[in-house]
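final.csv (CSV, C-alpha atoms and all ligand atoms)
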chain,number,residue,atom,x,y,z
A,64,MET,CA,-38.0,41.0,6.4
A,65,LYS,CA,-40.7,43.1,4.8
A,66,ILE,CA,-43.9,43.0,6.9
A,67,LEU,CA,-47.4,44.1,5.8
A,68,VAL,CA,-49.0,45.7,8.8
A,69,THR,CA,-52.8,46.0,8.2
A,70,GLY,CA,-54.4,48.6,10.5
A,71,GLY,CA,-50.9,50.0,10.9
A,72,ALA,CA,-52.3,53.5,11.6
A,73,GLY,CA,-54.4,52.3,14.5
A,74,PHE,CA,-53.6,52.2,18.2
A,75,ILE,CA,-51.7,48.9,18.5
A,76,GLY,CA,-50.6,48.8,14.9
A,77,SER,CA,-48.8,52.1,15.0
A,78,HIS,CA,-46.9,51.1,18.1
A,79,THR,CA,-46.0,47.8,16.5
A,80,VAL,CA,-44.7,49.6,13.4
A,81,VAL,CA,-42.2,51.5,15.6
A,82,GLU,CA,-41.1,48.2,17.4
A,83,LEU,CA,-40.7,46.4,14.0
A,84,ASP,CA,-38.4,49.2,12.8
A,85,LYS,CA,-36.4,49.0,16.0
A,86,ALA,CA,-35.9,45.3,15.5
A,87,GLY,CA,-34.8,45.7,11.9
A,88,PHE,CA,-38.0,44.7,10.0
A,89,GLU,CA,-39.3,46.8,7.1
A,90,PRO,CA,-43.0,47.6,7.9
A,91,VAL,CA,-45.4,48.5,5.1
A,92,ILE,CA,-48.6,50.1,6.4
A,93,VAL,CA,-52.1,49.5,5.0
A,94,ASP,CA,-55.0,51.3,6.5
A,95,ASN,CA,-58.3,52.6,5.2
A,96,LEU,CA,-58.2,55.3,8.0
A,97,TYR,CA,-61.7,54.3,9.1
A,98,ASN,CA,-60.6,54.7,12.7
A,99,SER,CA,-57.3,56.6,12.4
A,100,ASN,CA,-55.8,59.5,10.5
A,101,LEU,CA,-52.7,60.6,8.7
A,102,ASP,CA,-51.3,62.4,11.8
A,103,VAL,CA,-50.4,58.9,13.1
A,104,LEU,CA,-48.0,58.4,10.2
A,105,GLU,CA,-46.4,61.7,11.1
A,106,GLY,CA,-46.0,60.5,14.7
A,107,ILE,CA,-44.4,57.3,13.5
A,108,LYS,CA,-42.1,59.3,11.2
A,109,GLU,CA,-41.0,61.5,14.0
A,110,ILE,CA,-40.2,58.6,16.4
A,111,THR,CA,-38.4,56.5,13.8
A,112,GLY,CA,-37.0,59.1,11.5
A,113,LYS,CA,-38.3,57.0,8.6
A,114,ASP,CA,-41.2,57.3,6.1
A,115,PHE,CA,-42.6,53.8,5.7
A,116,PRO,CA,-44.6,53.0,2.7
A,117,PHE,CA,-48.3,53.6,3.4
A,118,TYR,CA,-51.3,52.5,1.3
A,119,GLN,CA,-54.8,53.7,2.0
A,120,ILE,CA,-56.5,50.5,1.0
A,121,ASP,CA,-59.5,48.6,2.4
A,122,CYS,CA,-58.4,45.1,3.2
A,123,ASN,CA,-61.7,43.8,1.9
A,124,ASN,CA,-60.7,44.9,-1.5
A,125,ALA,CA,-59.2,41.7,-2.9
A,126,GLU,CA,-58.0,43.3,-6.2
A,127,GLN,CA,-56.1,46.1,-4.5
A,128,ILE,CA,-54.6,43.7,-1.9
A,129,ARG,CA,-53.5,41.3,-4.7
A,130,ALA,CA,-51.9,44.2,-6.6
A,131,LEU,CA,-50.1,45.3,-3.4
A,132,PHE,CA,-48.8,41.8,-2.7
A,133,ALA,CA,-47.5,41.6,-6.3
A,134,LYS,CA,-45.7,44.9,-5.9
A,135,GLU,CA,-44.2,44.7,-2.4
A,136,LYS,CA,-43.2,41.0,-2.0
A,137,PHE,CA,-43.9,40.6,1.7
A,138,ASP,CA,-42.2,38.1,4.0
A,139,GLY,CA,-45.0,38.2,6.6
A,140,VAL,CA,-48.3,39.8,7.6
A,141,ILE,CA,-49.6,41.2,10.9
A,142,HIS,CA,-53.3,41.7,10.6
A,143,PHE,CA,-54.7,44.3,13.0
A,144,ALA,CA,-57.3,45.9,10.7
A,145,ALA,CA,-60.7,45.3,12.2
A,146,TYR,CA,-63.7,47.0,13.8
A,147,LYS,CA,-63.4,46.7,17.6
A,148,ALA,CA,-66.4,48.4,19.3
A,149,VAL,CA,-68.2,45.8,21.3
A,150,GLY,CA,-71.4,47.7,21.7
A,151,GLU,CA,-71.6,48.8,18.1
A,152,SER,CA,-71.1,45.2,17.0
A,153,VAL,CA,-74.4,44.3,18.8
A,154,GLU,CA,-76.2,47.0,16.8
A,155,LYS,CA,-74.5,46.3,13.5
A,156,PRO,CA,-73.4,42.7,13.5
A,157,LEU,CA,-73.2,42.3,9.7
A,158,ASN,CA,-70.7,45.2,9.5
A,159,TYR,CA,-68.5,43.4,12.0
A,160,TYR,CA,-68.7,40.0,10.4
A,161,GLU,CA,-68.1,41.5,7.0
A,162,ASN,CA,-65.2,43.8,7.9
A,163,ASN,CA,-63.4,41.5,10.3
A,164,LEU,CA,-63.9,38.2,8.4
A,165,ILE,CA,-63.8,39.1,4.7
A,166,SER,CA,-60.5,41.1,5.2
A,167,LEU,CA,-59.1,37.9,6.8
A,168,LEU,CA,-60.1,35.7,3.9
A,169,VAL,CA,-58.7,38.2,1.4
A,170,LEU,CA,-55.4,38.3,3.1
A,171,LEU,CA,-55.0,34.6,3.6
A,172,ARG,CA,-55.8,34.1,-0.1
A,173,ALA,CA,-53.3,36.7,-1.2
A,174,MET,CA,-50.6,35.1,1.1
A,175,LYS,CA,-51.2,31.7,-0.5
A,176,GLU,CA,-51.1,33.1,-4.0
A,177,PHE,CA,-47.9,35.1,-3.4
A,178,ASN,CA,-46.2,32.5,-1.1
A,179,VAL,CA,-46.1,34.7,2.0
A,180,ASP,CA,-45.7,32.2,4.9
A,181,LYS,CA,-45.8,34.2,8.2
A,182,PHE,CA,-49.1,35.4,9.7
A,183,VAL,CA,-49.8,37.1,13.0
A,184,PHE,CA,-53.4,37.8,14.0
A,185,SER,CA,-54.9,40.1,16.6
A,186,SER,CA,-57.2,38.0,18.7
A,187,SER,CA,-58.6,38.9,22.1
A,188,CYS,CA,-59.1,37.6,25.6
A,189,THR,CA,-62.8,38.2,24.8
A,190,VAL,CA,-62.8,34.6,23.4
A,191,TYR,CA,-62.7,33.3,27.0
A,192,GLY,CA,-65.9,35.0,28.1
A,193,GLN,CA,-66.1,34.7,31.9
A,194,PRO,CA,-63.7,31.9,32.6
A,195,THR,CA,-64.5,29.5,35.5
A,196,GLU,CA,-60.8,29.3,36.5
A,197,LEU,CA,-58.2,32.1,36.8
A,198,PRO,CA,-55.7,32.9,35.5
A,199,VAL,CA,-56.7,31.8,32.0
A,200,THR,CA,-54.2,29.6,30.1
A,201,GLU,CA,-54.4,29.0,26.4
A,202,ASN,CA,-56.1,25.7,27.2
A,203,THR,CA,-58.9,27.4,29.1
A,204,PRO,CA,-61.9,26.6,27.0
A,205,ARG,CA,-63.2,29.4,24.8
A,206,LEU,CA,-66.8,30.2,25.7
A,207,PRO,CA,-69.6,31.4,23.5
A,208,ALA,CA,-68.9,35.1,22.6
A,209,ASN,CA,-70.7,37.9,24.4
A,210,SER,CA,-70.9,40.0,21.3
A,211,PRO,CA,-70.7,39.7,17.5
A,212,TYR,CA,-67.3,41.4,17.8
A,213,GLY,CA,-66.0,38.7,20.1
A,214,ASN,CA,-67.5,36.1,17.8
A,215,THR,CA,-65.5,37.5,14.9
A,216,LYS,CA,-62.3,36.8,16.9
A,217,ALA,CA,-63.3,33.2,17.7
A,218,ILE,CA,-64.4,32.5,14.1
A,219,ALA,CA,-61.2,34.1,12.8
A,220,GLU,CA,-59.0,31.9,15.0
A,221,ASP,CA,-60.9,28.8,13.6
A,222,ILE,CA,-60.5,30.0,10.0
A,223,ILE,CA,-56.8,30.5,10.5
A,224,ARG,CA,-56.3,27.1,12.2
A,225,ASP,CA,-58.3,25.2,9.6
A,226,HIS,CA,-56.5,27.0,6.8
A,227,VAL,CA,-53.0,26.4,8.2
A,228,HIS,CA,-53.8,22.7,8.7
A,229,SER,CA,-54.9,22.4,5.1
A,230,ALA,CA,-51.2,22.9,4.4
A,231,PRO,CA,-51.1,26.1,2.3
A,232,GLY,CA,-47.5,26.7,3.4
A,233,ILE,CA,-48.6,29.4,5.9
A,234,LYS,CA,-47.5,29.4,9.6
A,235,ALA,CA,-49.7,31.4,12.0
A,236,ILE,CA,-49.9,32.8,15.5
A,237,CYS,CA,-53.0,34.2,17.1
A,238,LEU,CA,-52.2,36.6,19.9
A,239,ARG,CA,-55.0,37.0,22.5
A,240,TYR,CA,-54.5,40.5,23.8
A,241,PHE,CA,-55.8,41.3,27.3
A,242,ASN,CA,-56.5,45.0,28.0
A,243,PRO,CA,-54.0,47.2,26.1
A,244,ILE,CA,-53.6,50.7,27.5
A,245,GLY,CA,-51.0,53.5,27.4
A,246,ALA,CA,-49.2,55.3,24.7
A,247,HIS,CA,-45.7,55.7,23.3
A,248,GLU,CA,-43.4,57.3,25.8
A,249,THR,CA,-42.7,60.2,23.4
A,250,SER,CA,-46.4,61.1,23.3
A,251,LEU,CA,-46.1,61.1,19.5
A,252,ILE,CA,-48.6,58.3,19.1
A,253,GLY,CA,-51.3,56.9,21.3
A,254,GLU,CA,-55.0,55.9,21.4
A,255,LEU,CA,-57.4,58.0,19.4
A,256,PRO,CA,-60.9,56.8,20.3
A,257,ASN,CA,-63.8,58.0,18.1
A,258,GLY,CA,-66.6,59.8,19.9
A,259,VAL,CA,-67.3,58.9,23.5
A,260,PRO,CA,-64.8,56.2,24.6
A,261,SER,CA,-66.2,53.0,25.8
A,262,ASN,CA,-62.9,51.8,27.2
A,263,LEU,CA,-61.8,52.7,30.7
A,264,VAL,CA,-58.5,54.4,30.3
A,265,PRO,CA,-59.4,56.8,27.5
A,266,PHE,CA,-62.6,57.7,29.4
A,267,ILE,CA,-60.4,58.4,32.5
A,268,THR,CA,-57.9,60.6,30.7
A,269,GLN,CA,-60.7,62.6,28.9
A,270,THR,CA,-62.4,63.1,32.2
A,271,ALA,CA,-59.2,64.2,33.9
A,272,ALA,CA,-58.6,66.6,31.0
A,273,GLY,CA,-62.0,68.1,31.5
A,274,LEU,CA,-63.5,66.8,28.2
A,275,ARG,CA,-66.0,64.7,30.2
A,276,LYS,CA,-67.7,65.5,33.5
A,277,SER,CA,-67.3,62.3,35.4
A,278,LEU,CA,-66.4,58.7,35.0
A,279,THR,CA,-69.0,56.1,36.0
A,280,VAL,CA,-67.4,53.0,37.5
A,281,PHE,CA,-69.6,50.1,36.3
A,282,GLY,CA,-70.6,48.1,39.3
A,283,SER,CA,-69.1,47.7,42.8
A,284,ASP,CA,-70.8,44.5,43.9
A,285,TYR,CA,-68.7,42.0,42.0
A,286,ASP,CA,-67.0,39.2,43.9
A,287,THR,CA,-63.6,41.0,44.0
A,288,PRO,CA,-61.6,42.6,46.8
A,289,ASP,CA,-63.2,46.1,46.3
A,290,GLY,CA,-66.3,45.0,44.3
A,291,THR,CA,-65.1,46.4,40.9
A,292,CYS,CA,-64.1,44.3,37.9
A,293,ILE,CA,-60.6,42.9,37.5
A,294,ARG,CA,-58.6,43.1,34.3
A,295,ASP,CA,-55.1,42.5,33.0
A,296,PHE,CA,-53.9,45.9,31.7
A,297,ILE,CA,-51.0,45.7,29.4
A,298,HIS,CA,-48.8,48.6,28.1
A,299,VAL,CA,-49.4,48.9,24.3
A,300,VAL,CA,-45.6,49.1,23.7
A,301,ASP,CA,-45.1,45.8,25.5
A,302,LEU,CA,-47.9,44.4,23.4
A,303,ALA,CA,-46.3,45.7,20.3
A,304,LYS,CA,-43.0,44.0,21.1
A,305,ALA,CA,-44.9,40.7,21.4
A,306,HIS,CA,-45.6,40.9,17.7
A,307,VAL,CA,-41.9,41.2,16.9
A,308,LYS,CA,-41.3,38.1,19.0
A,309,ALA,CA,-44.1,36.3,17.2
A,310,LEU,CA,-42.6,37.0,13.8
A,311,GLY,CA,-39.2,35.6,15.1
A,312,LEU,CA,-40.9,32.5,16.4
A,313,LEU,CA,-42.7,31.9,13.1
A,314,ASP,CA,-39.4,32.3,11.3
A,315,GLU,CA,-37.8,29.6,13.4
A,316,GLN,CA,-40.6,27.1,12.7
A,317,THR,CA,-39.8,24.2,10.3
A,318,ASP,CA,-43.3,22.7,10.4
A,319,ALA,CA,-45.2,24.0,7.4
A,320,ASP,CA,-48.4,23.8,9.3
A,321,TYR,CA,-47.4,25.5,12.5
A,322,TYR,CA,-50.3,27.2,14.3
A,323,ASP,CA,-50.5,28.4,17.9
A,324,VAL,CA,-52.2,30.8,20.2
A,325,PHE,CA,-50.7,32.9,22.9
A,326,ASN,CA,-52.1,35.0,25.7
A,327,VAL,CA,-50.5,38.4,25.8
A,328,GLY,CA,-51.1,39.9,29.2
A,329,THR,CA,-49.0,40.8,32.2
A,330,GLY,CA,-50.3,37.9,34.3
A,331,GLU,CA,-51.6,40.4,37.0
A,332,GLY,CA,-55.1,41.5,37.5
A,333,TYR,CA,-56.0,44.9,39.0
A,334,THR,CA,-59.5,46.2,39.9
A,335,VAL,CA,-61.0,49.3,38.2
A,336,LEU,CA,-60.6,51.2,41.5
A,337,GLU,CA,-57.0,50.2,41.9
A,338,LEU,CA,-56.3,51.5,38.4
A,339,ILE,CA,-58.1,54.8,39.2
A,340,LYS,CA,-56.0,55.2,42.3
A,341,THR,CA,-52.8,54.5,40.5
A,342,PHE,CA,-53.8,57.0,37.8
A,343,GLU,CA,-54.4,59.7,40.4
A,344,GLU,CA,-51.1,58.9,42.2
A,345,VAL,CA,-48.7,58.8,39.3
A,346,ASN,CA,-50.1,61.8,37.6
A,347,GLY,CA,-51.0,63.9,40.6
A,348,VAL,CA,-54.5,64.6,39.4
A,349,LYS,CA,-57.9,64.0,41.1
A,350,LEU,CA,-60.4,62.1,39.0
A,351,ASN,CA,-64.1,62.9,39.2
A,352,TYR,CA,-65.9,59.5,39.4
A,353,THR,CA,-69.0,57.9,40.8
A,354,ILE,CA,-70.1,54.4,41.3
A,355,GLY,CA,-72.9,53.3,38.9
A,356,PRO,CA,-74.7,50.0,38.0
A,357,ARG,CA,-73.0,47.2,36.2
A,358,ARG,CA,-72.5,47.4,32.5
A,359,ALA,CA,-74.3,44.6,30.6
A,360,GLY,CA,-72.0,42.0,29.2
A,361,ASP,CA,-69.0,42.8,31.4
A,362,VAL,CA,-67.0,39.8,32.7
A,363,GLU,CA,-66.3,40.0,36.5
A,364,LYS,CA,-62.6,39.2,36.4
A,365,ILE,CA,-60.1,38.0,33.9
A,366,TYR,CA,-56.3,37.9,33.8
A,367,ALA,CA,-53.7,36.0,31.9
A,368,GLN,CA,-51.5,33.2,32.8
A,369,SER,CA,-48.5,34.3,30.7
A,370,ASP,CA,-46.1,31.3,31.1
A,371,LYS,CA,-46.5,30.2,27.5
A,372,VAL,CA,-45.6,33.6,26.0
A,373,ASN,CA,-42.8,34.0,28.6
A,374,ASN,CA,-41.2,30.7,27.9
A,375,VAL,CA,-41.9,30.0,24.3
A,376,MET,CA,-41.6,33.5,22.9
A,377,LYS,CA,-39.2,34.8,25.5
A,378,TRP,CA,-41.5,37.8,25.9
A,379,HIS,CA,-42.1,39.5,29.2
A,380,ALA,CA,-44.1,42.6,30.1
A,381,GLU,CA,-41.5,45.2,31.0
A,382,LYS,CA,-43.7,48.1,31.8
A,383,SER,CA,-46.1,48.5,34.7
A,384,MET,CA,-49.7,49.7,34.9
A,385,ALA,CA,-48.3,52.9,36.4
A,386,ASP,CA,-46.1,53.5,33.4
A,387,ALA,CA,-49.0,53.0,31.1
A,388,LEU,CA,-51.2,55.4,33.0
A,389,ARG,CA,-48.5,58.0,33.0
A,390,ASP,CA,-48.0,57.6,29.2
A,391,ALA,CA,-51.7,57.7,28.6
A,392,TRP,CA,-52.1,60.9,30.5
A,393,ASN,CA,-49.1,62.6,28.8
A,394,TRP,CA,-50.6,61.6,25.4
A,395,GLN,CA,-54.0,63.0,26.5
A,396,LEU,CA,-52.4,66.3,27.4
A,397,LYS,CA,-50.7,66.4,24.1
A,398,ILE,CA,-53.9,65.9,22.1
A,399,THR,CA,-56.3,67.9,24.2
A,400,PRO,CA,-56.9,71.3,22.6
A,401,GLU,CA,-55.8,74.2,24.9
A,402,LYS,CA,-58.9,75.8,26.7
B,1,LIG,P1,-57.8,50.6,16.0
B,1,LIG,O1,-59.2,50.8,15.6
B,1,LIG,O2,-57.0,51.7,16.7
B,1,LIG,O3,-56.9,50.1,14.8
B,1,LIG,C1,-57.5,49.3,13.7
B,1,LIG,C2,-57.1,50.0,12.4
B,1,LIG,O4,-57.6,49.2,11.3
B,1,LIG,C3,-57.7,51.4,12.3
B,1,LIG,O5,-56.6,52.3,12.0
B,1,LIG,C4,-58.7,51.3,11.1
B,1,LIG,O6,-58.8,52.5,10.4
B,1,LIG,C5,-58.1,50.1,10.4
B,1,LIG,N1,-59.1,49.3,9.6
B,1,LIG,C6,-60.3,48.8,10.1
B,1,LIG,N2,-60.9,48.1,9.1
B,1,LIG,C7,-60.1,48.2,8.0
B,1,LIG,C8,-60.1,47.6,6.7
B,1,LIG,N3,-61.2,46.9,6.3
B,1,LIG,N4,-59.1,47.9,5.8
B,1,LIG,C9,-58.1,48.6,6.2
B,1,LIG,N5,-58.0,49.2,7.5
B,1,LIG,C10,-59.0,48.9,8.3
B,1,LIG,O7,-57.8,49.3,16.9
B,1,LIG,P2,-56.7,48.7,17.9
B,1,LIG,O8,-57.0,48.9,19.3
B,1,LIG,O9,-55.3,49.1,17.4
B,1,LIG,O10,-56.9,47.1,17.6
B,1,LIG,C11,-56.1,46.4,16.6
B,1,LIG,C12,-56.6,45.0,16.5
B,1,LIG,O11,-56.5,44.4,17.9
B,1,LIG,C13,-58.0,44.8,16.1
B,1,LIG,O12,-58.1,43.6,15.4
B,1,LIG,C14,-58.7,44.6,17.5
B,1,LIG,O13,-59.9,43.9,17.3
B,1,LIG,C15,-57.7,43.8,18.2
B,1,LIG,N6,-57.8,44.0,19.7
B,1,LIG,C16,-57.9,45.2,20.3
B,1,LIG,C17,-58.0,45.3,21.7
B,1,LIG,C18,-58.1,46.6,22.3
B,1,LIG,O14,-58.6,46.7,23.5
B,1,LIG,N7,-57.6,47.7,21.7
B,1,LIG,C19,-58.0,44.1,22.4
B,1,LIG,C20,-58.0,42.9,21.8
B,1,LIG,C21,-57.9,42.8,20.4
B,2,LIG,C1,-62.5,47.7,31.6
B,2,LIG,C2,-63.2,47.7,32.9
B,2,LIG,C3,-65.6,48.1,32.8
B,2,LIG,C4,-65.5,52.1,31.2
B,2,LIG,C5,-63.0,45.5,26.0
B,2,LIG,C6,-63.5,44.5,25.1
B,2,LIG,C7,-62.4,43.4,24.9
B,2,LIG,C8,-61.1,44.0,24.5
B,2,LIG,C9,-60.7,45.1,25.4
B,2,LIG,C10,-61.0,43.9,22.1
B,2,LIG,C11,-64.6,47.0,33.0
B,2,LIG,C12,-64.9,49.3,33.5
B,2,LIG,C13,-65.1,50.9,31.7
B,2,LIG,C14,-66.1,53.0,32.0
B,2,LIG,C15,-65.9,51.5,33.8
B,2,LIG,N1,-61.1,44.6,23.2
B,2,LIG,N2,-65.3,50.6,33.0
B,2,LIG,N3,-66.3,52.7,33.4
B,2,LIG,O1,-64.6,45.6,28.7
B,2,LIG,O2,-62.5,44.7,29.7
B,2,LIG,O3,-62.7,44.9,27.2
B,2,LIG,O4,-61.8,46.1,25.5
B,2,LIG,O5,-60.8,42.8,21.9
B,2,LIG,O6,-62.9,42.6,23.9
B,2,LIG,O7,-64.7,43.9,25.6
B,2,LIG,O8,-62.5,46.9,28.6
B,2,LIG,O9,-61.8,49.2,29.0
B,2,LIG,O10,-64.2,48.8,28.3
B,2,LIG,O11,-63.5,48.1,30.6
B,2,LIG,O12,-66.1,51.2,35.0
B,2,LIG,O13,-66.5,54.1,31.6
B,2,LIG,O14,-63.5,49.1,33.2
B,2,LIG,O15,-66.8,47.8,33.4
B,2,LIG,O16,-64.7,46.4,34.2
B,2,LIG,P1,-63.2,45.5,28.6
B,2,LIG,P2,-63.0,48.3,29.1
Please express what this file holds, its structure, as structure tokens.
Amino acid sequence: MKILVTGGAGFIGSHTVVELDKAGFEPVIVDNLYNSNLDVLEGIKEITGKDFPFYQIDCNNAEQIRALFAKEKFDGVIHFAAYKAVGESVEKPLNYYENNLISLLVLLRAMKEFNVDKFVFSSSCTVYGQPTELPVTENTPRLPANSPYGNTKAIAEDIIRDHVHSAPGIKAICLRYFNPIGAHETSLIGELPNGVPSNLVPFITQTAAGLRKSLTVFGSDYDTPDGTCIRDFIHVVDLAKAHVKALGLLDEQTDADYYDVFNVGTGEGYTVLELIKTFEEVNGVKLNYTIGPRRAGDVEKIYAQSDKVNNVMKWHAEKSMADALRDAWNWQLKITPEK
């Protein structure tokens, strides 16, 4: 099966390209390199020994996307391409609605026109807001989004569901990722945040590498065992494998209007301080950090109930948080310029 991977040069997309290849799929990468670069493609090539087709195209460009569909004859699409910075989305909401939603419409229209029937979409646990019950299942109600970014994911899910139910001959799965961390075990691909990272693990690795002075832990007065927030941290390679499973599940479906959502998390929550301690232990490094005030908009605790993805997709997280933190650190060492 030939699979279009939009955003395939990005963090999760690049790891998914590698897993697609391992599973016998033929990935074709589209990325406008807004948040990635050509070195990622070299990393993929080194890991797989293959040079997959790459198109530097903006997914909002309907004409270029149509021309690509006409040329490549895809069997399915995994749509990663999006802007993802929560804080920036508050400053520039129109950029986020435009990039994250127009690209989706362009792709769904192209799929319909060219009879491509399998669609996997990158959604997020952000659609749950601060849930009242934990762990969250797929039936836990979605709450109003905390940011325009989060809202693009909720709206995108609704667009996909409505489109599938209008019977265009497209089957779709939305994967609600929890907190992806880590890097490929070869250290040939990983996370490349632009500027000052807002996510926890890149900030930790950059601090440990001496690129930042100190990490601020945002809040220690939450209602959790040590007062810091709880998240479900999932290794990016495990997450990548879930996309392969999702394509397999879509292929098995006989209902033309199949649509479903799946949590993709480990099912276990860890506090920020537990993660820091694990990082220090597995890597033998001491992290400089201080406790600071809460960050606006943070949810106190969230972790997945992963029964559905375990049972229906036969997907299980195989790697631990410690594995992910070791891989993230090795990746950081690889990309940090020598001092
Ligand atoms: P990323 O920024 O590393 O990858 C996204 C890629 O898409 C980048 O390479 C970027 O250049 C490209 N891109 C963006 N807009 C594009 C456009 N219009 N046309 C073509 N390419 C475009 O992000 P990621 O962490 O790999 O996230 C992938 C997807 O998963 C996103 O949809 C994101 O919202 C979602 N997601 C990410 C997380 C996370 O914590 N990383 C959590 C939940 C959901
Ligand atoms: C994790 C924990 C912070 C940085 C975000 C998006 C979410 C999803 C994943 C895309 C929190 C704490 C962080 C720091 C800290 N992305 N922290 N000091 O906020 O759970 O989720 O990325 O869909 O939508 O909102 O991830 O890595 O930013 O934070 O103490 O310097 O680490 O307060 O408790 P978050 P994160």
Neighbours of stretch 185-194 of chain A within 6 Å (all atoms listed in the file; same-chain residues fewer than 5 positions away dropped), as a PyMOL selection string? chain A and resi 143+205-206+213+216-217+237-241+362
For a quick check of understanding, using all atoms listed in the file, which of A:Leu96, A:Leu197, A:Ala380, A:Ala148 has the smallest distance to ligand LIG 2 (chain B)?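 Residue with the minimum atom-to-atom distance to ligand LIG 2 (chain B): A:Ala148.
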Contact residues around A:Ser369 with only C-alpha atoms at 7 Å, ignoring same-chain residues under 3 positions, as an MDAnalysis selection string: chainID A and resid 326:330 372:373
Skipping near chain neighbours, those fewer than 5 positions away, what residues fall within 12 Å of stretch 393-397 of chain A using all atoms listed in the file, listed as a PyMOL selection string? chain A and resi 106+244-256+264-274+342+345-346+386-388+402
Please find the residues contacting ligand LIG 2 (chain B) at a distance of at most 6 Å between atoms, with only C-alpha atoms and all ligand atoms counted, and report them as a list in words.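 Based on only C-alpha atoms and all ligand atoms, ligand LIG 2 (chain B) is surrounded within 6 Å by Lys147, Val149, Ser187, Thr189, Asn242, Ser261, Asn262, Leu263, Phe266, Leu278, Thr279, Val280, Phe281, Cys292, Val335, Arg358 and Asp361 of chain A.
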Mind dumping the selected residues with C-alpha atoms as a PDB file, keeping the file's coordinate frame?
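As written to disk, selection-v4.pdb reads:
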ATOM      1  CA  LYS A 147     -63.400  46.700  17.600  1.00  0.00           C
ATOM      2  CA  VAL A 149     -68.200  45.800  21.300  1.00  0.00           C
ATOM      3  CA  SER A 187     -58.600  38.900  22.100  1.00  0.00           C
ATOM      4  CA  THR A 189     -62.800  38.200  24.800  1.00  0.00           C
ATOM      5  CA  ASN A 242     -56.500  45.000  28.000  1.00  0.00           C
ATOM      6  CA  SER A 261     -66.200  53.000  25.800  1.00  0.00           C
ATOM      7  CA  ASN A 262     -62.900  51.800  27.200  1.00  0.00           C
ATOM      8  CA  LEU A 263     -61.800  52.700  30.700  1.00  0.00           C
ATOM      9  CA  PHE A 266     -62.600  57.700  29.400  1.00  0.00           C
ATOM     10  CA  LEU A 278     -66.400  58.700  35.000  1.00  0.00           C
ATOM     11  CA  THR A 279     -69.000  56.100  36.000  1.00  0.00           C
ATOM     12  CA  VAL A 280     -67.400  53.000  37.500  1.00  0.00           C
ATOM     13  CA  PHE A 281     -69.600  50.100  36.300  1.00  0.00           C
ATOM     14  CA  CYS A 292     -64.100  44.300  37.900  1.00  0.00           C
ATOM     15  CA  VAL A 335     -61.000  49.300  38.200  1.00  0.00           C
ATOM     16  CA  ARG A 358     -72.500  47.400  32.500  1.00  0.00           C
ATOM     17  CA  ASP A 361     -69.000  42.800  31.400  1.00  0.00           C
TER      18      ASP A 361
END
